[in-house]
file coords-v4.txt (compact mmCIF, C-alpha atoms)
# COMPACT_ATOMS: atom_id res chain seq x y z
CA MET A 1394 27.89 25.19 26.97
CA PRO A 1395 24.70 23.20 26.20
CA ALA A 1396 22.70 24.11 23.14
CA LEU A 1397 19.78 26.43 23.82
CA VAL A 1398 17.55 24.57 21.37
CA ASP A 1399 17.41 20.82 20.83
CA THR A 1400 17.45 20.35 17.05
CA SER A 1401 17.74 16.54 17.02
CA ALA A 1402 14.01 16.12 16.43
CA LEU A 1403 14.28 18.31 13.35
CA THR A 1404 16.91 16.10 11.72
CA PRO A 1405 15.37 13.22 9.75
CA SER A 1406 16.81 9.88 10.82
CA ALA A 1407 17.75 7.15 8.39
CA PRO A 1408 15.24 4.30 8.25
CA THR A 1409 16.13 1.12 10.11
CA PHE A 1410 17.69 -1.45 7.80
CA MET A 1411 14.97 -3.76 6.49
CA ASP A 1412 12.07 -1.97 8.18
CA LEU A 1413 9.46 -3.58 5.93
CA GLU A 1414 6.92 -0.84 6.56
CA ASN A 1415 9.29 1.34 4.54
CA PRO A 1416 8.21 0.93 0.86
CA GLU A 1417 11.78 0.68 -0.46
CA TYR A 1418 12.80 -2.04 1.99
CA ALA A 1419 9.54 -3.93 1.42
CA TYR A 1420 10.23 -3.94 -2.32
CA MET A 1421 13.85 -4.92 -1.77
CA PHE A 1422 12.91 -7.82 0.51
CA GLY A 1423 10.35 -9.17 -1.97
CA PHE A 1424 12.95 -9.02 -4.73
CA LEU A 1425 15.57 -10.75 -2.55
CA GLN A 1426 13.18 -13.52 -1.55
CA ALA A 1427 12.45 -14.26 -5.20
CA ASP A 1428 15.84 -13.67 -6.80
CA GLY A 1429 18.46 -13.61 -4.05
CA HIS A 1430 20.58 -16.42 -2.64
CA LEU A 1431 21.73 -16.55 0.97
CA SER A 1432 24.63 -18.94 1.66
CA GLU A 1433 26.56 -19.74 4.84
CA GLN A 1434 29.92 -21.31 5.61
CA THR A 1435 31.88 -22.17 8.73
CA ARG A 1436 32.79 -19.58 11.38
CA GLN A 1437 29.66 -17.49 10.61
CA ARG A 1438 30.88 -16.64 7.15
CA GLY A 1439 28.53 -16.35 4.22
CA ARG A 1440 27.04 -13.96 1.74
CA LEU A 1441 23.91 -12.72 0.00
CA THR A 1442 24.13 -12.80 -3.80
CA VAL A 1443 21.79 -11.35 -6.40
CA GLU A 1444 22.57 -11.81 -10.11
CA ILE A 1445 20.42 -10.15 -12.77
CA GLN A 1446 20.74 -8.94 -16.35
CA VAL A 1447 23.16 -6.03 -16.61
CA ARG A 1448 20.45 -3.84 -18.11
CA ASP A 1449 18.77 -3.87 -14.67
CA ILE A 1450 21.91 -2.93 -12.73
CA ALA A 1451 20.28 0.27 -11.47
CA VAL A 1452 18.12 -1.67 -9.03
CA LEU A 1453 21.21 -3.30 -7.53
CA GLN A 1454 22.72 0.15 -7.11
CA GLU A 1455 19.59 1.14 -5.19
CA PHE A 1456 19.95 -1.93 -2.97
CA GLN A 1457 23.54 -0.92 -2.29
CA ARG A 1458 22.38 2.59 -1.38
CA LEU A 1459 19.77 1.22 1.01
CA THR A 1460 22.22 -1.10 2.75
CA PRO A 1461 24.37 0.42 5.55
CA TYR A 1462 27.00 -2.32 5.17
CA ASN A 1463 29.84 -2.79 2.72
CA SER A 1464 28.76 -4.53 -0.48
CA SER A 1465 29.97 -4.82 -4.04
CA ILE A 1466 28.56 -4.84 -7.57
CA THR A 1467 30.46 -6.54 -10.36
CA GLU A 1468 29.71 -7.58 -13.91
CA ARG A 1469 30.46 -10.82 -15.70
CA THR A 1470 29.84 -12.58 -18.99
CA ARG A 1471 29.25 -16.32 -19.13
CA ALA A 1472 27.52 -19.04 -21.15
CA THR A 1473 24.03 -20.10 -20.03
CA ASN A 1474 21.27 -22.34 -21.37
CA PHE A 1475 19.81 -19.28 -23.12
CA SER A 1476 22.87 -17.38 -24.32
CA ALA A 1477 26.51 -18.02 -25.09
CA ASN A 1478 27.40 -14.54 -23.81
CA HIS A 1479 25.08 -13.69 -20.96
CA HIS A 1480 26.10 -10.33 -19.49
CA SER A 1481 24.99 -9.99 -15.88
CA ALA A 1482 25.45 -7.80 -12.82
CA VAL A 1483 26.09 -9.36 -9.40
CA TRP A 1484 25.52 -7.73 -6.00
CA ARG A 1485 27.28 -9.35 -3.03
CA LEU A 1486 26.79 -8.62 0.66
CA HIS A 1487 28.81 -10.43 3.36
CA ALA A 1488 27.96 -8.65 6.63
CA LEU A 1489 26.75 -11.15 9.25
CA GLU A 1490 24.43 -8.63 10.88
CA ALA A 1491 22.69 -7.91 7.58
CA ARG A 1492 22.38 -11.61 6.74
CA THR A 1493 20.97 -12.37 10.18
CA THR A 1494 18.34 -9.66 9.78
CA LEU A 1495 17.28 -10.95 6.36
CA ASN A 1496 17.16 -14.54 7.57
CA ARG A 1497 14.98 -13.66 10.56
CA LEU A 1498 12.55 -11.83 8.29
CA GLY A 1499 12.10 -14.91 6.11
CA LEU A 1500 14.95 -15.22 3.62
CA PRO A 1501 16.20 -18.81 4.16
CA TYR A 1502 19.73 -20.02 3.66
CA GLY A 1503 20.29 -22.36 0.71
CA ARG A 1504 17.54 -23.52 -1.64
CA LYS A 1505 14.53 -21.46 -0.72
CA SER A 1506 11.96 -21.37 -3.52
CA LYS A 1507 9.30 -23.56 -1.88
CA ARG A 1508 9.92 -22.23 1.61
CA ILE A 1509 9.52 -18.49 1.17
CA THR A 1510 6.39 -16.86 2.58
CA PRO A 1511 5.15 -13.28 2.94
CA PRO A 1512 6.70 -11.57 5.97
CA ARG A 1513 5.20 -12.23 9.39
CA VAL A 1514 5.88 -8.67 10.53
CA PRO A 1515 4.03 -5.53 9.39
CA PHE A 1516 5.06 -4.70 5.82
CA SER A 1517 4.12 -2.53 2.85
CA ARG A 1518 2.14 -5.07 0.84
CA ARG A 1519 2.04 -3.59 -2.62
CA ASP A 1520 5.73 -2.74 -2.55
CA TYR A 1521 6.60 -6.24 -1.40
CA LEU A 1522 4.52 -7.81 -4.18
CA ARG A 1523 6.07 -5.49 -6.77
CA GLY A 1524 9.49 -6.75 -5.68
CA VAL A 1525 8.40 -10.37 -6.10
CA ILE A 1526 6.91 -9.67 -9.54
CA ASP A 1527 9.94 -7.66 -10.68
CA ALA A 1528 12.11 -10.65 -9.84
CA ASP A 1529 9.88 -13.55 -10.97
CA GLY A 1530 7.05 -12.04 -12.98
CA SER A 1531 6.18 -10.23 -16.19
CA VAL A 1532 4.24 -7.11 -17.15
CA GLY A 1533 3.18 -6.19 -20.68
CA PHE A 1534 0.92 -7.15 -23.56
CA THR A 1535 0.15 -10.61 -24.91
CA GLY A 1536 0.62 -11.50 -28.56
CA LYS A 1537 -3.05 -10.60 -29.07
CA GLY A 1538 -2.54 -7.14 -27.57
CA LEU A 1539 -4.15 -7.84 -24.19
CA PRO A 1540 -2.59 -6.32 -21.07
CA PHE A 1541 -1.27 -8.84 -18.58
CA ILE A 1542 0.68 -9.14 -15.36
CA SER A 1543 1.93 -12.53 -14.19
CA LEU A 1544 3.99 -14.32 -11.57
CA THR A 1545 5.85 -17.61 -11.81
CA THR A 1546 6.61 -19.15 -8.43
CA ILE A 1547 7.07 -22.51 -6.76
CA SER A 1548 5.98 -21.15 -3.37
CA THR A 1549 2.38 -21.97 -2.47
CA ALA A 1550 2.34 -19.22 0.17
CA ILE A 1551 3.49 -16.51 -2.25
CA GLY A 1552 1.12 -17.64 -5.00
CA ALA A 1553 -1.85 -17.79 -2.63
CA TYR A 1554 -1.01 -14.37 -1.19
CA LEU A 1555 -0.93 -12.73 -4.62
CA CYS A 1556 -4.29 -14.31 -5.47
CA HIS A 1557 -5.84 -13.17 -2.18
CA TYR A 1558 -4.46 -9.64 -2.50
CA THR A 1559 -5.51 -9.23 -6.13
CA LYS A 1560 -9.01 -10.55 -5.51
CA ARG A 1561 -9.54 -7.92 -2.81
CA LEU A 1562 -8.16 -5.21 -5.10
CA THR A 1563 -9.77 -6.10 -8.43
CA GLY A 1564 -12.35 -8.80 -7.76
CA ALA A 1565 -10.53 -11.19 -10.12
CA GLU A 1566 -10.34 -14.68 -8.65
CA ARG A 1567 -7.63 -17.20 -9.44
CA MET A 1568 -7.34 -20.77 -8.17
CA ILE A 1569 -3.66 -21.63 -8.08
CA LYS A 1570 -2.62 -24.99 -9.46
CA ARG A 1571 0.85 -26.36 -10.09
CA ASN A 1572 1.87 -27.27 -13.63
CA THR A 1573 2.10 -31.04 -13.91
CA ARG A 1574 5.36 -30.76 -15.87
CA ASP A 1575 7.49 -28.77 -13.43
CA GLY A 1576 5.37 -28.12 -10.35
CA ILE A 1577 5.40 -24.35 -10.91
CA TYR A 1578 2.50 -21.96 -10.34
CA ASN A 1579 1.85 -19.63 -13.28
CA ILE A 1580 -0.58 -16.94 -12.12
CA VAL A 1581 -1.80 -14.58 -14.83
CA TYR A 1582 -4.14 -11.58 -14.79
CA THR A 1583 -5.32 -9.97 -18.01
CA LYS A 1584 -7.46 -7.09 -19.27
CA GLU A 1585 -9.01 -4.78 -16.64
CA ALA A 1586 -7.63 -6.79 -13.71
CA ALA A 1587 -4.11 -6.46 -15.11
CA VAL A 1588 -4.53 -2.73 -15.70
CA LEU A 1589 -5.78 -2.14 -12.14
CA LEU A 1590 -3.12 -4.33 -10.54
CA ALA A 1591 -0.28 -2.79 -12.55
CA ALA A 1592 -1.38 0.76 -11.73
CA HIS A 1593 -1.63 -0.13 -8.04
CA LEU A 1594 1.73 -1.86 -7.76
CA TYR A 1595 3.73 0.42 -10.07
CA TYR A 1596 2.70 3.81 -8.73
CA PRO A 1597 4.60 7.00 -9.69
CA GLY A 1598 7.99 7.30 -8.02
CA CYS A 1599 8.14 3.72 -6.76
CA LEU A 1600 11.38 1.73 -6.64
CA GLY A 1601 11.49 -0.93 -9.35
CA LEU A 1602 12.92 -2.16 -12.63
CA GLU A 1603 12.54 0.70 -15.09
CA ARG A 1604 11.50 -1.54 -17.99
CA LYS A 1605 8.66 -3.06 -15.96
CA ARG A 1606 7.58 0.32 -14.64
CA ALA A 1607 7.42 1.54 -18.25
CA ASN A 1608 5.41 -1.52 -19.27
CA ALA A 1609 3.04 -0.97 -16.35
CA ARG A 1610 2.48 2.64 -17.42
CA SER A 1611 1.71 1.52 -20.97
CA LEU A 1612 -1.05 -0.80 -19.74
CA GLY A 1613 -3.03 2.24 -18.63
CA SER A 1614 -3.73 3.17 -22.25
CA TRP A 1615 -5.60 -0.07 -22.96
CA VAL A 1616 -9.32 0.18 -23.71
CA ARG A 1617 -11.52 -2.87 -24.12
CA PRO A 1618 -12.36 -3.21 -27.85
CA PRO A 1619 -16.01 -2.81 -28.80
CA GLY A 1620 -17.77 -6.14 -28.86
CA MET A 1621 -15.33 -7.92 -26.54
CA ARG A 1622 -17.49 -9.88 -24.13
CA ILE A 1623 -17.02 -9.33 -20.41
CA ARG A 1624 -16.93 -12.65 -18.61
CA PRO A 1625 -19.26 -12.64 -15.60
CA PRO A 1626 -17.60 -13.07 -12.20
CA ARG A 1627 -17.12 -16.63 -10.96
CA LYS A 1628 -20.02 -17.84 -8.81
CA PRO A 1629 -18.64 -19.48 -5.66
CA TRP A 1630 -19.84 -22.92 -4.64
CA THR A 1631 -21.54 -23.15 -1.25
CA ALA A 1632 -22.36 -26.12 0.95
CA GLU A 1633 -26.05 -25.75 0.05
CA ALA A 1634 -25.26 -25.69 -3.69
CA ASP A 1635 -23.15 -28.83 -3.25
CA ARG A 1636 -26.06 -30.58 -1.51
CA VAL A 1637 -28.41 -29.64 -4.36
CA LEU A 1638 -25.86 -30.89 -6.90
CA LEU A 1639 -25.41 -34.24 -5.18
CA ALA A 1640 -29.14 -34.76 -4.69
CA ALA A 1641 -30.11 -33.92 -8.30
CA PRO A 1642 -31.01 -37.01 -10.41
CA THR A 1643 -29.09 -35.73 -13.46
CA LEU A 1644 -26.60 -33.04 -14.34
CA ALA A 1645 -29.28 -31.33 -16.41
CA HIS A 1646 -31.54 -31.07 -13.37
CA ALA A 1647 -28.69 -29.72 -11.23
CA ALA A 1648 -27.68 -27.14 -13.86
CA GLU A 1649 -31.25 -25.88 -14.20
CA GLU A 1650 -31.83 -25.59 -10.45
CA LEU A 1651 -28.47 -23.96 -9.72
CA GLY A 1652 -28.32 -21.70 -12.77
CA ARG A 1653 -25.01 -23.17 -13.87
CA SER A 1654 -23.71 -24.96 -16.93
CA GLN A 1655 -23.71 -28.76 -17.04
CA SER A 1656 -19.93 -28.78 -17.49
CA SER A 1657 -19.53 -26.72 -14.32
CA CYS A 1658 -21.77 -29.13 -12.41
CA GLN A 1659 -19.92 -32.13 -13.80
CA THR A 1660 -16.54 -30.73 -12.76
CA ARG A 1661 -17.78 -29.88 -9.27
CA ARG A 1662 -19.37 -33.31 -8.79
CA TRP A 1663 -16.09 -34.98 -9.84
CA ARG A 1664 -14.13 -32.84 -7.37
CA LEU A 1665 -16.52 -33.73 -4.57
CA ALA A 1666 -16.42 -37.43 -5.44
CA ASN A 1667 -12.61 -37.49 -5.46
CA GLY A 1668 -12.10 -35.41 -2.33
CA ILE A 1669 -10.54 -32.49 -4.19
CA VAL A 1670 -12.93 -30.17 -2.34
CA PRO A 1671 -14.62 -30.90 1.01
CA SER A 1672 -18.06 -32.48 1.02
CA PRO A 1673 -20.98 -30.26 2.13
CA THR A 1674 -21.09 -32.08 5.47
CA THR A 1675 -17.56 -30.85 6.34
CA HIS A 1676 -17.75 -27.24 5.05
CA HIS A 1677 -18.59 -25.68 8.38
CA ARG A 1678 -16.77 -27.95 10.81

call {"tool": "encode", "arguments": {"input": "coords-v4.txt", "output": "structure tokens"}}
result
Amino acid sequence: MPALVDTSALTPSAPTFMDLENPEYAYMFGFLQADGHLSEQTRQRGRLTVEIQVRDIAVLQEFQRLTPYNSSITERTRATNFSANHHSAVWRLHALEARTTLNRLGLPYGRKSKRITPPRVPFSRRDYLRGVIDADGSVGFTGKGLPFISLTTISTAIGAYLCHYTKRLTGAERMIKRNTRDGIYNIVYTKEAAVLLAAHLYYPGCLGLERKRANARSLGSWVRPPGMRIRPPRKPWTAEADRVLLAAPTLAHAAEELGRSQSSCQTRRWRLANGIVPSPTTHHR
């Protein structure tokens, strides 16, 4: 006898695996892009591996809970460049269907650091960025007691996205530049920008590494000390300002007319002369 009332609509359905509009999956995908490794072998075999410090094993247990495929978590101790007895936790996932989904979303097989980009499907942005920062960033206080939040990445796309997102949120502008020694981007926000960004990314009840969530909460207690100067926001260069700079007879004249320092004018003129930034005649092409 058919049911008199259809109750299927009243039963909450499980979220689709790796639906990046779901905050937990968005966080998980950001973390996997930064700290996971996807490998493949013959006959469609392969696995996803994530290895982190054993103190953070709880986040791997959450990944296992969110994944509707068989996976395993093990622990191991080994010698590394930093410790003779590094104790880590390793999450392994072999399912082809799961690996295919992750790969299509933007988790490459093999070496991936330079190739990863933010997802090209709708996704929960702050949760995704929190995952990336949990894996490859830091949250806390500097040696001088200033709040900070940072990301170390080799991906231009990820670094640029963090800068764009944070500028819209806090107004703080960063121009990413690779370190000459290792080609890595080190993006750092401090003071009020760090406090705002940390509170936004690490909201109450979010999925994340507990130690970084605790650090993010502690940033909220920071108050700018009396007498600490607030640096004025960076004044963007325009095509018209570039024309004035190039036409000025001296740096002193340019600085006076533009309301900038001579060092700023000198740096900008050097960048224009060496093609680091486009000349004013090409700005609006």

call {"tool": "closest_residue", "arguments": {"input": "coords-v4.txt", "among": "A:Gln1437, A:Ser1654, A:Thr1510, A:Asn1474", "to": "A:Arg1492", "atoms": "all atoms listed in the file"}}
result
A:Gln1437

call {"tool": "closest_residue", "arguments": {"input": "coords-v4.txt", "among": "A:Leu1413, A:Val1581, A:Leu1555, A:Leu1600", "to": "A:Arg1513", "atoms": "all atoms listed in the file"}}
result
A:Leu1413

call {"tool": "closest_residue", "arguments": {"input": "coords-v4.txt", "among": "A:Thr1573, A:Ser1611, A:Ser1465, A:Thr1493", "to": "A:Val1443", "atoms": "all atoms listed in the file"}}
result
A:Ser1465

call {"tool": "residues_around", "arguments": {"input": "coords-v4.txt", "residues": "A:Arg1604", "least_positions_apart": "4", "cutoff": "9 Å", "atoms": "only C-alpha atoms", "output": "ChimeraX atom specification"}}
result
/A:1449,1608-1609

call {"tool": "residues_around", "arguments": {"input": "coords-v4.txt", "residues": "stretch 1515-1532 of chain A", "least_positions_apart": "3", "cutoff": "8 Å", "atoms": "all atoms listed in the file", "output": "PyMOL selection string"}}
result
chain A and resi 1412-1417+1419-1428+1512+1540-1546+1555+1591+1593-1595+1601-1602+1605+1608-1609

call {"tool": "residues_around", "arguments": {"input": "coords-v4.txt", "residues": "A:Ala1647", "least_positions_apart": "6", "cutoff": "12 Å", "atoms": "only C-alpha atoms", "output": "ChimeraX atom specification"}}
result
/A:1634-1641,1653-1659,1661-1662

call {"tool": "closest_residue", "arguments": {"input": "coords-v4.txt", "among": "A:Leu1539, A:Thr1643, A:Ala1550, A:Ala1488", "to": "A:Val1616", "atoms": "all atoms listed in the file"}}
result
A:Leu1539

call {"tool": "residues_around", "arguments": {"input": "coords-v4.txt", "residues": "A:Ile1450", "least_positions_apart": "2", "cutoff": "9 Å", "atoms": "all atoms listed in the file", "output": "PyMOL selection string"}}
result
chain A and resi 1445-1448+1452-1455+1466+1481-1483

call {"tool": "closest_residue", "arguments": {"input": "coords-v4.txt", "among": "A:Arg1622, A:His1557, A:Lys1507, A:Lys1584", "to": "A:Lys1537", "atoms": "all atoms listed in the file"}}
result
A:Lys1584

call {"tool": "closest_residue", "arguments": {"input": "coords-v4.txt", "among": "A:Arg1440, A:Arg1504, A:His1487, A:His1480", "to": "A:Pro1461", "atoms": "all atoms listed in the file"}}
result
A:His1487

call {"tool": "atom_distance", "arguments": {"input": "coords-v4.txt", "atom1": "atom CA of A:Gly1613", "atom2": "atom CA of A:Val1588"}}
result
6.0 Å

call {"tool": "atom_distance", "arguments": {"input": "coords-v4.txt", "atom1": "atom CA of A:Ile1551", "atom2": "atom CA of A:Pro1511"}}
result
6.3 Å

call {"tool": "atom_distance", "arguments": {"input": "coords-v4.txt", "atom1": "atom CA of A:Pro1671", "atom2": "atom CA of A:Leu1644"}}
result
19.6 Å

call {"tool": "residues_around", "arguments": {"input": "coords-v4.txt", "residues": "A:Glu1566", "least_positions_apart": "3", "cutoff": "12 Å", "atoms": "all atoms listed in the file", "output": "ChimeraX atom specification"}}
result
/A:1553-1563,1569,1580-1583,1586,1625-1629

call {"tool": "axis_aligned_box", "arguments": {"input": "coords-v4.txt", "around": "stretch 1518-1530 of chain A", "padding_each_side": "6 Å", "output": "lines of an AutoDock Vina configuration file"}}
result
center_x = 7.1
center_y = -8.1
center_z = -6.1
size_x = 22.1
size_y = 22.8
size_z = 25.8
